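Coordinates from input-v5.cif are shown below (mmCIF, C-alpha atoms; chains and numbers go by the auth columns).
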```
data_start
loop_
_atom_site.group_PDB
_atom_site.id
_atom_site.type_symbol
_atom_site.label_atom_id
_atom_site.label_comp_id
_atom_site.label_asym_id
_atom_site.label_seq_id
_atom_site.Cartn_x
_atom_site.Cartn_y
_atom_site.Cartn_z
_atom_site.B_iso_or_equiv
_atom_site.auth_seq_id
_atom_site.auth_asym_id
ATOM 1 C CA MET A 1 -66.578 -59.963 58.236 0.00 1 A
ATOM 2 C CA LEU A 2 -65.382 -56.833 56.405 0.00 2 A
ATOM 3 C CA PRO A 3 -65.442 -54.645 59.552 0.00 3 A
ATOM 4 C CA ASP A 4 -63.365 -57.334 61.315 0.00 4 A
ATOM 5 C CA ILE A 5 -60.552 -56.594 58.847 0.00 5 A
ATOM 6 C CA LEU A 6 -61.114 -52.905 58.037 0.00 6 A
ATOM 7 C CA ILE A 7 -61.478 -51.548 61.568 0.00 7 A
ATOM 8 C CA PRO A 8 -58.195 -53.095 62.850 0.00 8 A
ATOM 9 C CA MET A 9 -56.461 -52.100 59.615 0.00 9 A
ATOM 10 C CA VAL A 10 -57.472 -48.443 59.942 0.00 10 A
ATOM 11 C CA VAL A 11 -56.965 -48.209 63.707 0.00 11 A
ATOM 12 C CA VAL A 12 -53.516 -49.814 63.663 0.00 12 A
ATOM 13 C CA GLY A 13 -52.495 -48.036 60.450 0.00 13 A
ATOM 14 C CA LEU A 14 -53.250 -44.643 61.962 0.00 14 A
ATOM 15 C CA ALA A 15 -51.696 -45.534 65.323 0.00 15 A
ATOM 16 C CA GLU A 16 -48.450 -46.766 63.768 0.00 16 A
ATOM 17 C CA PHE A 17 -48.030 -44.137 61.039 0.00 17 A
ATOM 18 C CA GLY A 18 -44.671 -42.437 61.681 0.00 18 A
ATOM 19 C CA ASP A 19 -44.038 -44.560 64.779 0.00 19 A
ATOM 20 C CA LYS A 20 -40.605 -45.754 65.910 0.00 20 A
ATOM 21 C CA THR A 21 -41.159 -48.918 63.914 0.00 21 A
ATOM 22 C CA GLN A 22 -41.221 -47.114 60.586 0.00 22 A
ATOM 23 C CA ILE A 23 -38.234 -44.959 61.555 0.00 23 A
ATOM 24 C CA ALA A 24 -36.234 -48.049 62.514 0.00 24 A
ATOM 25 C CA LEU A 25 -37.133 -49.831 59.276 0.00 25 A
ATOM 26 C CA LEU A 26 -36.336 -46.742 57.221 0.00 26 A
ATOM 27 C CA LEU A 27 -32.908 -46.506 58.836 0.00 27 A
ATOM 28 C CA LEU A 28 -32.161 -50.206 58.368 0.00 28 A
ATOM 29 C CA ALA A 29 -33.279 -50.037 54.744 0.00 29 A
ATOM 30 C CA SER A 30 -30.941 -47.144 54.031 0.00 30 A
ATOM 31 C CA LYS A 31 -28.002 -49.422 54.850 0.00 31 A
ATOM 32 C CA THR A 32 -28.653 -52.489 52.687 0.00 32 A
ATOM 33 C CA GLU A 33 -29.774 -53.507 49.225 0.00 33 A
ATOM 34 C CA LYS A 34 -31.819 -56.422 50.598 0.00 34 A
ATOM 35 C CA ARG A 35 -34.804 -54.288 51.537 0.00 35 A
ATOM 36 C CA LEU A 36 -37.413 -56.946 50.896 0.00 36 A
ATOM 37 C CA HIS A 37 -35.670 -59.139 53.471 0.00 37 A
ATOM 38 C CA ILE A 38 -36.098 -56.400 56.073 0.00 38 A
ATOM 39 C CA VAL A 39 -39.817 -56.131 55.269 0.00 39 A
ATOM 40 C CA LEU A 40 -40.299 -59.903 55.454 0.00 40 A
ATOM 41 C CA GLY A 41 -38.453 -60.063 58.788 0.00 41 A
ATOM 42 C CA ALA A 42 -40.585 -57.240 60.162 0.00 42 A
ATOM 43 C CA ILE A 43 -43.824 -58.851 58.967 0.00 43 A
ATOM 44 C CA MET A 44 -42.820 -62.159 60.564 0.00 44 A
ATOM 45 C CA ALA A 45 -42.169 -60.330 63.841 0.00 45 A
ATOM 46 C CA PHE A 46 -45.516 -58.516 63.599 0.00 46 A
ATOM 47 C CA LEU A 47 -47.282 -61.831 62.939 0.00 47 A
ATOM 48 C CA MET A 48 -45.738 -63.379 66.017 0.00 48 A
ATOM 49 C CA VAL A 49 -46.099 -60.453 68.418 0.00 49 A
ATOM 50 C CA ASP A 50 -49.614 -59.452 67.377 0.00 50 A
ATOM 51 C CA GLY A 51 -50.686 -63.063 66.871 0.00 51 A
ATOM 52 C CA ILE A 52 -49.675 -63.847 70.433 0.00 52 A
ATOM 53 C CA ALA A 53 -51.546 -60.766 71.631 0.00 53 A
ATOM 54 C CA ILE A 54 -54.666 -61.929 69.836 0.00 54 A
ATOM 55 C CA LEU A 55 -54.349 -65.410 71.285 0.00 55 A
ATOM 56 C CA ALA A 56 -53.410 -64.323 74.781 0.00 56 A
ATOM 57 C CA GLY A 57 -55.403 -61.106 75.100 0.00 57 A
ATOM 58 C CA ASP A 58 -54.680 -59.253 78.326 0.00 58 A
ATOM 59 C CA TRP A 59 -52.416 -61.979 79.704 0.00 59 A
ATOM 60 C CA ILE A 60 -49.387 -60.743 77.731 0.00 60 A
ATOM 61 C CA THR A 61 -49.341 -57.344 79.381 0.00 61 A
ATOM 62 C CA ASP A 62 -49.521 -58.914 82.838 0.00 62 A
ATOM 63 C CA ALA A 63 -46.940 -61.647 82.188 0.00 63 A
ATOM 64 C CA ALA A 64 -44.101 -59.423 80.967 0.00 64 A
ATOM 65 C CA PRO A 65 -43.485 -56.235 82.911 0.00 65 A
ATOM 66 C CA GLY A 66 -43.562 -53.174 80.662 0.00 66 A
ATOM 67 C CA GLY A 67 -40.359 -51.806 82.187 0.00 67 A
ATOM 68 C CA LEU A 68 -38.409 -54.927 81.265 0.00 68 A
ATOM 69 C CA ILE A 69 -39.721 -54.890 77.705 0.00 69 A
ATOM 70 C CA LYS A 70 -38.882 -51.192 77.293 0.00 70 A
ATOM 71 C CA ALA A 71 -35.382 -51.718 78.729 0.00 71 A
ATOM 72 C CA LEU A 72 -34.678 -54.611 76.374 0.00 72 A
ATOM 73 C CA SER A 73 -36.018 -52.654 73.380 0.00 73 A
ATOM 74 C CA GLY A 74 -33.997 -49.586 74.329 0.00 74 A
ATOM 75 C CA THR A 75 -30.828 -51.618 74.722 0.00 75 A
ATOM 76 C CA ILE A 76 -31.210 -53.222 71.292 0.00 76 A
ATOM 77 C CA PHE A 77 -31.792 -49.835 69.643 0.00 77 A
ATOM 78 C CA ILE A 78 -28.692 -48.417 71.371 0.00 78 A
ATOM 79 C CA ILE A 79 -26.582 -51.413 70.294 0.00 79 A
ATOM 80 C CA PHE A 80 -27.704 -50.966 66.663 0.00 80 A
ATOM 81 C CA GLY A 81 -26.845 -47.252 66.924 0.00 81 A
ATOM 82 C CA PHE A 82 -23.364 -47.840 68.272 0.00 82 A
ATOM 83 C CA LEU A 83 -22.673 -50.529 65.693 0.00 83 A
ATOM 84 C CA MET A 84 -23.566 -48.016 62.987 0.00 84 A
ATOM 85 C CA LEU A 85 -21.367 -45.290 64.458 0.00 85 A
ATOM 86 C CA ARG A 86 -18.450 -47.622 65.185 0.00 86 A
ATOM 87 C CA ASN A 87 -17.348 -47.867 61.574 0.00 87 A
ATOM 88 C CA LYS A 88 -15.178 -44.825 60.840 0.00 88 A
ATOM 89 C CA ARG A 89 -15.655 -45.055 57.053 0.00 89 A
ATOM 90 C CA GLY A 90 -19.382 -44.372 57.425 0.00 90 A
ATOM 91 C CA GLU A 91 -20.388 -47.698 55.936 0.00 91 A
ATOM 92 C CA ILE A 92 -22.135 -50.577 57.564 0.00 92 A
ATOM 93 C CA GLU A 93 -19.968 -53.574 58.277 0.00 93 A
ATOM 94 C CA THR A 94 -22.345 -56.189 56.979 0.00 94 A
ATOM 95 C CA GLU A 95 -20.555 -59.028 58.702 0.00 95 A
ATOM 96 C CA HIS A 96 -21.764 -57.694 62.060 0.00 96 A
ATOM 97 C CA HIS A 97 -25.397 -56.699 61.949 0.00 97 A
ATOM 98 C CA LEU A 98 -26.758 -56.498 58.430 0.00 98 A
ATOM 99 C CA LYS A 99 -25.355 -59.735 57.123 0.00 99 A
ATOM 100 C CA ASN A 100 -28.879 -61.022 57.300 0.00 100 A
ATOM 101 C CA PRO A 101 -31.353 -58.128 56.887 0.00 101 A
ATOM 102 C CA PHE A 102 -34.294 -60.502 57.496 0.00 102 A
ATOM 103 C CA TYR A 103 -32.890 -61.345 60.914 0.00 103 A
ATOM 104 C CA SER A 104 -32.042 -57.700 61.680 0.00 104 A
ATOM 105 C CA GLY A 105 -35.562 -56.547 60.782 0.00 105 A
ATOM 106 C CA PHE A 106 -37.130 -59.430 62.691 0.00 106 A
ATOM 107 C CA ILE A 107 -35.159 -58.924 65.919 0.00 107 A
ATOM 108 C CA LEU A 108 -35.540 -55.154 65.944 0.00 108 A
ATOM 109 C CA ILE A 109 -39.316 -55.293 65.446 0.00 109 A
ATOM 110 C CA PHE A 110 -39.913 -58.406 67.551 0.00 110 A
ATOM 111 C CA VAL A 111 -38.276 -56.916 70.620 0.00 111 A
ATOM 112 C CA SER A 112 -39.527 -53.363 70.228 0.00 112 A
ATOM 113 C CA GLU A 113 -43.188 -54.275 69.638 0.00 113 A
ATOM 114 C CA TRP A 114 -43.768 -56.217 72.881 0.00 114 A
ATOM 115 C CA GLY A 115 -46.124 -54.169 75.002 0.00 115 A
ATOM 116 C CA ASP A 116 -46.493 -51.579 72.230 0.00 116 A
ATOM 117 C CA LYS A 117 -49.838 -49.973 71.535 0.00 117 A
ATOM 118 C CA THR A 118 -50.293 -52.155 68.441 0.00 118 A
ATOM 119 C CA GLN A 119 -49.971 -55.335 70.436 0.00 119 A
ATOM 120 C CA ILE A 120 -52.389 -54.114 73.095 0.00 120 A
ATOM 121 C CA VAL A 121 -54.893 -52.921 70.485 0.00 121 A
ATOM 122 C CA SER A 122 -54.606 -56.285 68.707 0.00 122 A
ATOM 123 C CA GLY A 123 -55.686 -58.124 71.835 0.00 123 A
ATOM 124 C CA LEU A 124 -58.508 -55.689 72.503 0.00 124 A
ATOM 125 C CA LEU A 125 -59.834 -55.810 68.940 0.00 125 A
ATOM 126 C CA ALA A 126 -59.721 -59.606 68.940 0.00 126 A
ATOM 127 C CA ALA A 127 -62.015 -59.595 71.961 0.00 127 A
ATOM 128 C CA LYS A 128 -64.668 -57.827 69.879 0.00 128 A
ATOM 129 C CA TYR A 129 -64.032 -59.122 66.345 0.00 129 A
ATOM 130 C CA ASN A 130 -62.917 -62.366 64.729 0.00 130 A
ATOM 131 C CA GLY A 131 -59.270 -62.867 65.770 0.00 131 A
ATOM 132 C CA LEU A 132 -58.061 -64.158 62.407 0.00 132 A
ATOM 133 C CA MET A 133 -59.672 -61.249 60.580 0.00 133 A
ATOM 134 C CA VAL A 134 -58.178 -58.802 63.094 0.00 134 A
ATOM 135 C CA LEU A 135 -54.733 -60.288 62.471 0.00 135 A
ATOM 136 C CA MET A 136 -55.235 -59.973 58.707 0.00 136 A
ATOM 137 C CA GLY A 137 -56.212 -56.301 59.015 0.00 137 A
ATOM 138 C CA ILE A 138 -53.307 -55.536 61.305 0.00 138 A
ATOM 139 C CA ILE A 139 -50.770 -57.281 59.064 0.00 139 A
ATOM 140 C CA ILE A 140 -52.107 -55.472 55.991 0.00 140 A
ATOM 141 C CA ALA A 141 -51.664 -52.130 57.786 0.00 141 A
ATOM 142 C CA LEU A 142 -48.251 -52.897 59.278 0.00 142 A
ATOM 143 C CA GLY A 143 -46.982 -54.544 56.092 0.00 143 A
ATOM 144 C CA SER A 144 -48.016 -51.527 54.011 0.00 144 A
ATOM 145 C CA LEU A 145 -46.401 -49.087 56.428 0.00 145 A
ATOM 146 C CA SER A 146 -43.245 -51.208 56.550 0.00 146 A
ATOM 147 C CA LEU A 147 -43.009 -51.280 52.750 0.00 147 A
ATOM 148 C CA MET A 148 -43.406 -47.504 52.623 0.00 148 A
ATOM 149 C CA ALA A 149 -40.709 -47.001 55.263 0.00 149 A
ATOM 150 C CA VAL A 150 -38.267 -49.384 53.608 0.00 150 A
ATOM 151 C CA TYR A 151 -38.647 -47.838 50.179 0.00 151 A
ATOM 152 C CA LEU A 152 -38.398 -44.349 51.621 0.00 152 A
ATOM 153 C CA GLY A 153 -35.113 -45.579 53.126 0.00 153 A
ATOM 154 C CA ARG A 154 -34.066 -46.622 49.620 0.00 154 A
ATOM 155 C CA LEU A 155 -34.895 -43.165 48.259 0.00 155 A
ATOM 156 C CA ILE A 156 -32.902 -41.499 51.019 0.00 156 A
ATOM 157 C CA SER A 157 -29.910 -43.810 50.562 0.00 157 A
ATOM 158 C CA ASN A 158 -29.866 -43.083 46.823 0.00 158 A
ATOM 159 C CA ASN A 159 -29.846 -39.316 47.394 0.00 159 A
ATOM 160 C CA MET A 160 -27.592 -38.872 50.434 0.00 160 A
ATOM 161 C CA ASN A 161 -23.990 -39.569 51.281 0.00 161 A
ATOM 162 C CA SER A 162 -23.566 -42.994 52.926 0.00 162 A
ATOM 163 C CA GLY A 163 -21.448 -41.589 55.758 0.00 163 A
ATOM 164 C CA THR A 164 -24.050 -38.952 56.597 0.00 164 A
ATOM 165 C CA ILE A 165 -26.857 -41.526 56.574 0.00 165 A
ATOM 166 C CA THR A 166 -24.864 -43.812 58.857 0.00 166 A
ATOM 167 C CA LYS A 167 -24.157 -41.054 61.379 0.00 167 A
ATOM 168 C CA ILE A 168 -27.774 -39.857 61.400 0.00 168 A
ATOM 169 C CA ALA A 169 -29.073 -43.427 61.662 0.00 169 A
ATOM 170 C CA GLY A 170 -26.669 -44.300 64.486 0.00 170 A
ATOM 171 C CA ILE A 171 -27.559 -41.197 66.463 0.00 171 A
ATOM 172 C CA LEU A 172 -31.311 -41.692 65.929 0.00 172 A
ATOM 173 C CA PHE A 173 -31.124 -45.327 67.039 0.00 173 A
ATOM 174 C CA ILE A 174 -29.250 -44.294 70.186 0.00 174 A
ATOM 175 C CA LEU A 175 -31.759 -41.510 70.892 0.00 175 A
ATOM 176 C CA MET A 176 -34.737 -43.835 70.381 0.00 176 A
ATOM 177 C CA GLY A 177 -33.150 -46.466 72.622 0.00 177 A
ATOM 178 C CA THR A 178 -32.410 -43.878 75.283 0.00 178 A
ATOM 179 C CA SER A 179 -36.000 -42.631 75.150 0.00 179 A
ATOM 180 C CA PHE A 180 -37.195 -46.210 75.803 0.00 180 A
ATOM 181 C CA LEU A 181 -34.990 -46.371 78.871 0.00 181 A
ATOM 182 C CA LEU A 182 -35.969 -42.954 80.226 0.00 182 A
ATOM 183 C CA PHE A 183 -39.681 -42.696 79.460 0.00 183 A
#
```
Using the file provided, produce a representation of the structure as structure tokens.
Amino acid sequence: MLPDILIPMVVVGLAEFGDKTQIALLLLASKTEKRLHIVLGAIMAFLMVDGIAILAGDWITDAAPGGLIKALSGTIFIIFGFLMLRNKRGEIETEHHLKNPFYSGFILIFVSEWGDKTQIVSGLLAAKYNGLMVLMGIIIALGSLSLMAVYLGRLISNNMNSGTITKIAGILFILMGTSFLLF
């Protein structure tokens, strides 16, 4: 039973360390005080995406074309980037996209994780180990990484000018979204 949790936790933790997911969460967290809401939204998205992968196995990668998933993910990242850059004062207009950080974290992670290596690995690991234990290991790894990213975002937001953070975040979101569309 312990390997059923530890192996997925280590594999997914190493695979996701420094991935686009943590960068996106870090950037979102630098723009709001409701950081725990972002983490909870991300964990809910991970539970759904990876839970479906564990239940569906290989079917998920066949049912949804990878190109469509990447295009949708890229578009959402680009939209977030432009929304950040749109405000000339360098502050996030919370009424538009961070009014509900839980929802922002959920949508960003939910869309960007479909077809991601974590989801594929989740399905593969569940074929060998107990699915529920695999999900627990994966959520422990992704939850820990998400917490680290969000609180690193807090540290950055406390030590940098808000306008600079917003411009960097907007540009990085646009670049990440563009990379989804091109590669």
**Request:** Spell out the residues picked by the PyMOL selection byres ((chain A and resi 156) around 12) here, as a PyMOL selection string.
**Result:** chain A and resi 26-32+149-155+157-162+164-166+168-169
Any chance you can output those residues with C-alpha atoms as an mmCIF file, in the frame of the given file?
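Writing done, so here's selection_28.cif:
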```
data_model
loop_
_atom_site.group_PDB
_atom_site.id
_atom_site.type_symbol
_atom_site.label_atom_id
_atom_site.label_comp_id
_atom_site.auth_asym_id
_atom_site.auth_seq_id
_atom_site.Cartn_x
_atom_site.Cartn_y
_atom_site.Cartn_z
ATOM 1 C CA LEU A 26 -36.336 -46.742 57.221
ATOM 2 C CA LEU A 27 -32.908 -46.506 58.836
ATOM 3 C CA LEU A 28 -32.161 -50.206 58.368
ATOM 4 C CA ALA A 29 -33.279 -50.037 54.744
ATOM 5 C CA SER A 30 -30.941 -47.144 54.031
ATOM 6 C CA LYS A 31 -28.002 -49.422 54.850
ATOM 7 C CA THR A 32 -28.653 -52.489 52.687
ATOM 8 C CA ALA A 149 -40.709 -47.001 55.263
ATOM 9 C CA VAL A 150 -38.267 -49.384 53.608
ATOM 10 C CA TYR A 151 -38.647 -47.838 50.179
ATOM 11 C CA LEU A 152 -38.398 -44.349 51.621
ATOM 12 C CA GLY A 153 -35.113 -45.579 53.126
ATOM 13 C CA ARG A 154 -34.066 -46.622 49.620
ATOM 14 C CA LEU A 155 -34.895 -43.165 48.259
ATOM 15 C CA SER A 157 -29.910 -43.810 50.562
ATOM 16 C CA ASN A 158 -29.866 -43.083 46.823
ATOM 17 C CA ASN A 159 -29.846 -39.316 47.394
ATOM 18 C CA MET A 160 -27.592 -38.872 50.434
ATOM 19 C CA ASN A 161 -23.990 -39.569 51.281
ATOM 20 C CA SER A 162 -23.566 -42.994 52.926
ATOM 21 C CA THR A 164 -24.050 -38.952 56.597
ATOM 22 C CA ILE A 165 -26.857 -41.526 56.574
ATOM 23 C CA THR A 166 -24.864 -43.812 58.857
ATOM 24 C CA ILE A 168 -27.774 -39.857 61.400
ATOM 25 C CA ALA A 169 -29.073 -43.427 61.662
#
```
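Minimum atom-to-atom distance to Val12 (chain A), evaluated using all atoms listed in the file, belongs to A:Asp50 out of A:Gly67, A:Leu172, A:Phe110, A:Asp50.
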**Shell of 10 Å around Leu175 (chain A), only C-alpha atoms, local chain residues under 5 positions omitted, as a list of chain:residue names** = A:Gly74, A:Phe77, A:Ile78, A:Gly81, A:Ala169, A:Gly170, A:Phe180, A:Leu181
**Asked** Suppose you want the space between CA of Val10 (chain A) and CA of Leu132 (chain A); what is it in Å?
**Response**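 If I compute the distance from CA of Val10 (chain A) to CA of Leu132 (chain A), I get 15.9 Å.
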**Message:** Selection in question (the file shown): the PyMOL selection byres ((chain A and resi 36) around 12). Which residues does it include, as a ChimeraX atom specification?
**Reply:** /A:25,28-29,32-35,37-43,100-103,105,143,146-151,153-154
**Message:** From (-49.2, -60.3, 66.5), in the file's coordinates, out to 10 Å: which residues are reached, counting only C-alpha atoms? Answer as an MDAnalysis selection string.
**Reply:** chainID A and resid 43:55 110 113:114 118:120 122:123 134:136 138:139
**Request:** Using all atoms listed in the file, pick whichever of A:Leu124, A:Leu182, A:Ala141, A:Ile174 has the shortest atom-to-atom distance to Phe17 (chain A).
**Result:** A:Ala141
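Coordinates place CA of Thr21 (chain A) at a distance of 16.2 Å from CA of Met9 (chain A).
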**Item:** Atomic separation - CA of Ile76 (chain A) relative to CA of Ala126 (chain A), Å
**Value:** 29.3 Å
